[in-house]
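Okay, so here's the structure we're looking at.
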Amino acid sequence: MQFDSLNEFLAMGGYGFYVWLSFGSCAAILLALFVSSLRDASKLRNEVRAQMKREERIKKAKQQEQV
Amino acid sequence: MWKWLHPYAKAERAYQLCNTLMPYFAVITVVCLTVGWVWGLAYAPADYQQKDSYRIIFIHVPSAILSMGAYSSMAIAAIIALVWQIRNAELAVISIAPVGAAMTAIALITGAAWGKPMWGAWWVWDARLTSELILLFLYLGVLSLYHAFEDKKSAGRAACILAVVGVINLPIIHFSVEWWNTLHQGATITKFDTSAIDSSMLWPLLINIIAFAGFVGVVTLIRLKNEILQCERHRPWVRELVGRGE
(Lines give C-alpha, C1' and ligand atoms only; values in the text may rest on other atoms or scores of the structure.)
Protein backbone atom coordinates (compact mmCIF):
# COMPACT_ATOMS: atom_id res chain seq x y z
CA MET A 1 0.00 0.00 0.00
CA GLN A 2 1.43 3.35 -1.05
CA PHE A 3 -0.78 5.47 1.20
CA ASP A 4 -0.90 5.65 5.01
CA SER A 5 -4.45 6.91 5.42
CA LEU A 6 -7.71 7.25 3.50
CA ASN A 7 -7.27 11.02 3.37
CA GLU A 8 -3.85 10.64 1.79
CA PHE A 9 -5.29 8.16 -0.69
CA LEU A 10 -8.05 10.60 -1.69
CA ALA A 11 -5.60 13.50 -1.93
CA MET A 12 -3.30 11.59 -4.35
CA GLY A 13 -0.38 13.79 -3.37
CA GLY A 14 -2.26 16.95 -4.36
CA TYR A 15 -3.44 15.57 -7.70
CA GLY A 16 -6.67 14.14 -6.27
CA PHE A 17 -8.98 16.26 -8.42
CA TYR A 18 -7.40 15.15 -11.70
CA VAL A 19 -6.97 11.50 -10.78
CA TRP A 20 -10.52 11.12 -9.45
CA LEU A 21 -11.95 13.12 -12.35
CA SER A 22 -10.33 10.63 -14.74
CA PHE A 23 -11.33 7.50 -12.89
CA GLY A 24 -14.80 8.84 -12.12
CA SER A 25 -15.64 9.79 -15.69
CA CYS A 26 -14.17 6.52 -16.94
CA ALA A 27 -16.36 4.51 -14.54
CA ALA A 28 -19.41 6.58 -15.47
CA ILE A 29 -18.93 6.06 -19.22
CA LEU A 30 -18.29 2.32 -18.88
CA LEU A 31 -21.31 1.86 -16.62
CA ALA A 32 -23.62 3.97 -18.79
CA LEU A 33 -22.71 2.01 -21.92
CA PHE A 34 -23.14 -1.34 -20.16
CA VAL A 35 -26.50 -0.44 -18.61
CA SER A 36 -27.92 1.08 -21.79
CA SER A 37 -26.92 -2.02 -23.79
CA LEU A 38 -28.71 -4.27 -21.28
CA ARG A 39 -31.73 -1.96 -21.31
CA ASP A 40 -31.92 -2.17 -25.11
CA ALA A 41 -31.96 -5.95 -24.78
CA SER A 42 -34.93 -6.07 -22.41
CA LYS A 43 -36.79 -3.39 -24.39
CA LEU A 44 -36.39 -5.44 -27.57
CA ARG A 45 -37.71 -8.55 -25.86
CA ASN A 46 -40.75 -6.67 -24.58
CA GLU A 47 -41.45 -5.39 -28.09
CA VAL A 48 -41.28 -8.87 -29.59
CA ARG A 49 -43.54 -10.19 -26.81
CA ALA A 50 -46.09 -7.42 -27.41
CA GLN A 51 -46.06 -8.15 -31.15
CA MET A 52 -46.63 -11.86 -30.47
CA LYS A 53 -49.60 -11.09 -28.19
CA ARG A 54 -51.05 -8.72 -30.76
CA GLU A 55 -50.88 -11.36 -33.49
CA GLU A 56 -52.50 -13.83 -31.12
CA ARG A 57 -55.42 -11.42 -30.50
CA ILE A 58 -55.89 -10.79 -34.23
CA LYS A 59 -55.95 -14.52 -34.86
CA LYS A 60 -58.61 -15.04 -32.18
CA ALA A 61 -60.76 -12.17 -33.48
CA LYS A 62 -60.65 -13.64 -36.98
CA GLN A 63 -61.72 -17.05 -35.71
CA GLN A 64 -64.69 -15.50 -33.88
CA GLU A 65 -65.74 -13.64 -37.02
CA GLN A 66 -65.87 -16.89 -38.93
CA VAL A 67 -68.15 -18.38 -36.28
CA MET B 1 -11.86 -24.06 -42.56
CA TRP B 2 -14.51 -22.30 -44.63
CA LYS B 3 -16.87 -25.20 -44.17
CA TRP B 4 -16.39 -24.95 -40.43
CA LEU B 5 -16.72 -21.18 -40.39
CA HIS B 6 -19.66 -20.80 -42.69
CA PRO B 7 -22.54 -21.81 -40.37
CA TYR B 8 -21.72 -18.76 -38.23
CA ALA B 9 -22.99 -16.53 -41.02
CA LYS B 10 -26.42 -17.78 -39.97
CA ALA B 11 -27.97 -15.44 -37.44
CA GLU B 12 -29.08 -18.12 -34.99
CA ARG B 13 -25.64 -19.74 -34.84
CA ALA B 14 -23.97 -16.36 -34.38
CA TYR B 15 -26.39 -15.55 -31.54
CA GLN B 16 -25.55 -18.83 -29.81
CA LEU B 17 -21.84 -18.17 -30.25
CA CYS B 18 -22.30 -14.77 -28.54
CA ASN B 19 -23.98 -16.54 -25.63
CA THR B 20 -21.15 -19.05 -25.34
CA LEU B 21 -18.39 -16.43 -25.41
CA MET B 22 -19.99 -13.86 -23.12
CA PRO B 23 -19.34 -15.47 -19.70
CA TYR B 24 -15.58 -15.77 -20.41
CA PHE B 25 -15.31 -12.11 -21.35
CA ALA B 26 -17.45 -11.12 -18.34
CA VAL B 27 -15.24 -12.99 -15.84
CA ILE B 28 -12.04 -11.59 -17.36
CA THR B 29 -13.46 -8.06 -17.21
CA VAL B 30 -14.66 -8.21 -13.60
CA VAL B 31 -11.48 -9.84 -12.25
CA CYS B 32 -8.97 -7.75 -14.21
CA LEU B 33 -10.82 -4.46 -13.73
CA THR B 34 -10.96 -4.93 -9.94
CA VAL B 35 -7.34 -6.06 -9.63
CA GLY B 36 -6.09 -3.48 -12.13
CA TRP B 37 -7.79 -0.48 -10.51
CA VAL B 38 -6.88 -1.39 -6.91
CA TRP B 39 -3.28 -2.17 -7.90
CA GLY B 40 -2.94 0.91 -10.05
CA LEU B 41 -4.52 3.31 -7.57
CA ALA B 42 -3.23 2.02 -4.25
CA TYR B 43 -0.29 -0.35 -4.66
CA ALA B 44 1.79 0.79 -7.65
CA PRO B 45 4.61 3.12 -6.57
CA ALA B 46 4.36 6.86 -7.29
CA ASP B 47 6.29 8.22 -10.28
CA TYR B 48 9.52 10.05 -9.37
CA GLN B 49 8.60 13.02 -11.58
CA GLN B 50 4.83 13.08 -11.92
CA LYS B 51 4.11 11.75 -8.42
CA ASP B 52 0.58 10.35 -8.06
CA SER B 53 -0.89 12.14 -11.10
CA TYR B 54 0.68 9.48 -13.34
CA ARG B 55 -1.91 6.95 -12.07
CA ILE B 56 -4.18 8.20 -14.83
CA ILE B 57 -1.98 6.09 -17.14
CA PHE B 58 -3.78 2.97 -15.89
CA ILE B 59 -6.97 4.00 -17.70
CA HIS B 60 -5.61 6.42 -20.31
CA VAL B 61 -3.34 3.95 -22.10
CA PRO B 62 -5.79 0.97 -22.07
CA SER B 63 -8.66 3.10 -23.41
CA ALA B 64 -6.43 4.63 -26.10
CA ILE B 65 -5.13 1.21 -27.20
CA LEU B 66 -8.64 -0.23 -27.25
CA SER B 67 -10.01 2.77 -29.14
CA MET B 68 -7.67 1.81 -31.98
CA GLY B 69 -8.06 -1.94 -31.48
CA ALA B 70 -11.84 -1.65 -31.63
CA TYR B 71 -11.54 0.40 -34.81
CA SER B 72 -9.36 -2.27 -36.44
CA SER B 73 -11.89 -5.00 -35.59
CA MET B 74 -14.72 -2.80 -36.84
CA ALA B 75 -12.86 -2.21 -40.13
CA ILE B 76 -12.17 -5.94 -40.57
CA ALA B 77 -15.86 -6.67 -40.02
CA ALA B 78 -16.71 -3.91 -42.50
CA ILE B 79 -14.46 -5.45 -45.17
CA ILE B 80 -16.06 -8.87 -44.62
CA ALA B 81 -19.51 -7.28 -44.85
CA LEU B 82 -18.64 -5.48 -48.09
CA VAL B 83 -16.80 -8.31 -49.84
CA TRP B 84 -18.82 -11.37 -48.84
CA GLN B 85 -22.11 -9.59 -48.17
CA ILE B 86 -22.49 -11.16 -44.75
CA ARG B 87 -25.22 -9.45 -42.75
CA ASN B 88 -23.81 -10.46 -39.36
CA ALA B 89 -20.53 -8.69 -40.12
CA GLU B 90 -22.50 -5.52 -40.84
CA LEU B 91 -24.29 -5.90 -37.51
CA ALA B 92 -20.91 -6.39 -35.81
CA VAL B 93 -19.72 -3.05 -37.25
CA ILE B 94 -22.73 -1.30 -35.76
CA SER B 95 -22.25 -3.10 -32.43
CA ILE B 96 -18.57 -2.20 -32.07
CA ALA B 97 -18.91 1.48 -33.04
CA PRO B 98 -20.51 2.81 -29.80
CA VAL B 99 -18.06 0.82 -27.66
CA GLY B 100 -15.11 2.18 -29.62
CA ALA B 101 -16.53 5.68 -29.35
CA ALA B 102 -16.75 5.28 -25.56
CA MET B 103 -13.10 4.13 -25.44
CA THR B 104 -12.04 7.13 -27.51
CA ALA B 105 -14.03 9.50 -25.29
CA ILE B 106 -12.39 8.02 -22.16
CA ALA B 107 -8.93 8.37 -23.72
CA LEU B 108 -9.63 12.03 -24.55
CA ILE B 109 -11.16 12.92 -21.17
CA THR B 110 -8.46 11.19 -19.10
CA GLY B 111 -5.86 12.73 -21.38
CA ALA B 112 -7.26 16.19 -20.72
CA ALA B 113 -7.34 15.58 -16.96
CA TRP B 114 -3.71 14.45 -17.16
CA GLY B 115 -2.63 17.26 -19.46
CA LYS B 116 -3.93 20.01 -17.18
CA PRO B 117 -1.57 19.34 -14.22
CA MET B 118 1.38 18.19 -16.39
CA TRP B 119 1.28 20.44 -19.46
CA GLY B 120 -0.78 23.25 -17.96
CA ALA B 121 -3.58 22.91 -20.52
CA TRP B 122 -6.67 20.72 -20.84
CA TRP B 123 -6.31 20.62 -24.59
CA VAL B 124 -3.70 21.49 -27.22
CA TRP B 125 -4.02 21.02 -30.98
CA ASP B 126 -1.23 18.51 -31.01
CA ALA B 127 -1.00 15.82 -33.73
CA ARG B 128 -1.75 12.90 -31.38
CA LEU B 129 -4.71 14.61 -29.69
CA THR B 130 -6.19 15.88 -32.94
CA SER B 131 -5.96 12.52 -34.73
CA GLU B 132 -7.57 10.82 -31.74
CA LEU B 133 -10.39 13.39 -31.84
CA ILE B 134 -10.87 12.57 -35.54
CA LEU B 135 -11.16 8.90 -34.53
CA LEU B 136 -14.07 9.84 -32.25
CA PHE B 137 -15.74 11.67 -35.16
CA LEU B 138 -15.20 8.62 -37.39
CA TYR B 139 -16.98 6.39 -34.88
CA LEU B 140 -19.84 8.89 -34.56
CA GLY B 141 -19.91 9.24 -38.35
CA VAL B 142 -20.27 5.48 -38.87
CA LEU B 143 -23.12 5.39 -36.34
CA SER B 144 -25.02 8.40 -37.63
CA LEU B 145 -24.59 7.30 -41.25
CA TYR B 146 -26.14 3.94 -40.37
CA HIS B 147 -29.07 5.57 -38.61
CA ALA B 148 -29.59 8.20 -41.32
CA PHE B 149 -30.87 5.68 -43.88
CA GLU B 150 -34.36 4.22 -43.74
CA ASP B 151 -33.29 1.26 -45.89
CA LYS B 152 -30.94 -0.76 -43.68
CA LYS B 153 -29.23 -2.40 -46.65
CA SER B 154 -27.82 0.83 -48.05
CA ALA B 155 -27.31 2.09 -44.48
CA GLY B 156 -25.05 -0.86 -43.69
CA ARG B 157 -23.12 -0.45 -46.93
CA ALA B 158 -22.51 3.28 -46.39
CA ALA B 159 -21.42 2.78 -42.76
CA CYS B 160 -19.03 -0.03 -43.79
CA ILE B 161 -17.41 2.05 -46.53
CA LEU B 162 -16.80 4.92 -44.10
CA ALA B 163 -15.37 2.47 -41.53
CA VAL B 164 -12.92 1.08 -44.12
CA VAL B 165 -11.86 4.49 -45.42
CA GLY B 166 -11.28 5.69 -41.84
CA VAL B 167 -8.55 3.07 -41.31
CA ILE B 168 -6.11 5.62 -42.78
CA ASN B 169 -6.40 7.43 -39.44
CA LEU B 170 -4.95 4.52 -37.40
CA PRO B 171 -1.31 4.75 -38.60
CA ILE B 172 -1.59 8.53 -38.33
CA ILE B 173 -2.53 8.22 -34.65
CA HIS B 174 0.14 5.64 -33.95
CA PHE B 175 3.03 7.42 -35.66
CA SER B 176 1.91 10.98 -34.90
CA VAL B 177 4.35 11.16 -31.97
CA GLU B 178 7.23 10.27 -34.31
CA TRP B 179 6.27 12.16 -37.47
CA TRP B 180 5.61 15.48 -35.83
CA ASN B 181 7.09 17.35 -32.93
CA THR B 182 4.36 16.78 -30.41
CA LEU B 183 3.76 17.59 -26.81
CA HIS B 184 2.48 14.06 -26.32
CA GLN B 185 5.17 11.64 -25.23
CA GLY B 186 6.33 8.71 -27.35
CA ALA B 187 5.47 5.05 -27.04
CA THR B 188 6.01 3.46 -23.63
CA ILE B 189 5.35 -0.26 -23.91
CA THR B 190 5.12 -0.93 -27.65
CA LYS B 191 8.79 -0.26 -28.28
CA PHE B 192 10.50 -3.34 -29.61
CA ASP B 193 13.59 -3.08 -27.44
CA THR B 194 13.31 -2.87 -23.67
CA SER B 195 10.18 -1.31 -22.29
CA ALA B 196 10.45 2.23 -20.92
CA ILE B 197 8.35 1.43 -17.86
CA ASP B 198 9.29 -0.40 -14.65
CA SER B 199 7.66 -3.78 -14.06
CA SER B 200 5.99 -2.52 -10.85
CA MET B 201 3.94 -0.21 -13.08
CA LEU B 202 3.89 -2.38 -16.21
CA TRP B 203 1.98 -5.26 -14.62
CA PRO B 204 -1.03 -3.27 -13.39
CA LEU B 205 -1.05 -1.50 -16.77
CA LEU B 206 -1.15 -4.79 -18.68
CA ILE B 207 -3.92 -6.11 -16.42
CA ASN B 208 -5.93 -2.95 -17.08
CA ILE B 209 -5.42 -3.35 -20.84
CA ILE B 210 -6.81 -6.91 -20.59
CA ALA B 211 -9.72 -5.59 -18.48
CA PHE B 212 -10.62 -2.95 -21.05
CA ALA B 213 -10.34 -5.49 -23.87
CA GLY B 214 -12.69 -7.76 -21.91
CA PHE B 215 -15.14 -4.91 -21.44
CA VAL B 216 -15.12 -4.11 -25.16
CA GLY B 217 -15.80 -7.82 -25.77
CA VAL B 218 -18.71 -8.10 -23.34
CA VAL B 219 -20.54 -4.97 -24.43
CA THR B 220 -19.97 -5.68 -28.13
CA LEU B 221 -21.46 -9.15 -27.65
CA ILE B 222 -24.51 -7.76 -25.80
CA ARG B 223 -25.05 -5.19 -28.56
CA LEU B 224 -24.47 -7.72 -31.33
CA LYS B 225 -27.10 -9.99 -29.77
CA ASN B 226 -29.50 -7.02 -29.72
CA GLU B 227 -28.81 -6.22 -33.37
CA ILE B 228 -29.30 -9.84 -34.44
CA LEU B 229 -32.63 -10.05 -32.57
CA GLN B 230 -33.77 -6.73 -34.00
CA CYS B 231 -32.94 -7.93 -37.51
CA GLU B 232 -34.55 -11.36 -37.12
CA ARG B 233 -37.50 -10.35 -34.95
CA HIS B 234 -40.08 -11.90 -37.24
CA ARG B 235 -38.31 -15.26 -37.48
CA PRO B 236 -39.66 -18.25 -35.56
CA TRP B 237 -36.40 -18.91 -33.68
CA VAL B 238 -36.49 -15.43 -32.12
CA ARG B 239 -40.11 -15.88 -31.07
CA GLU B 240 -39.32 -19.25 -29.55
CA LEU B 241 -36.36 -17.71 -27.71
CA VAL B 242 -38.38 -14.79 -26.36
CA GLY B 243 -41.28 -17.09 -25.53
CA ARG B 244 -38.94 -19.21 -23.40
CA GLY B 245 -38.09 -16.05 -21.47
CA GLU B 246 -34.45 -15.91 -22.56
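By convention in this document, the chains of the C-alpha coordinates carry letters A, B, ... by their order, each chain's residues are numbered from 1, and ligands are numbered from 1 in the order they are shown.
For range 46-50 of chain A, the non-local neighbours within 12 Å, defined as residues at least 6 positions apart in the same chain or in other chains and counting only C-alpha atoms, are Arg39, Asp40, Glu56 and Arg57 of chain A; Asn226, Leu229, Gln230, Cys231, Glu232, Arg233, His234, Arg235, Pro236, Trp237, Val238, Arg239, Glu240, Leu241, Val242, Gly243, Arg244, Gly245 and Glu246 of chain B.
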**OP:** When you get a sec, could you note down which chain B residues fall within 6 Å of chain A, using only C-alpha atoms, as number ranges by chain?
**Re:** B: 42-43, 52-53, 56, 106, 110, 113, 226
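Minimum atom-to-atom distance to Ala187 in chain B, evaluated using only C-alpha atoms, belongs to B:Ala64 out of B:Ala155, B:Ala64, B:Ser200, B:Ala101.
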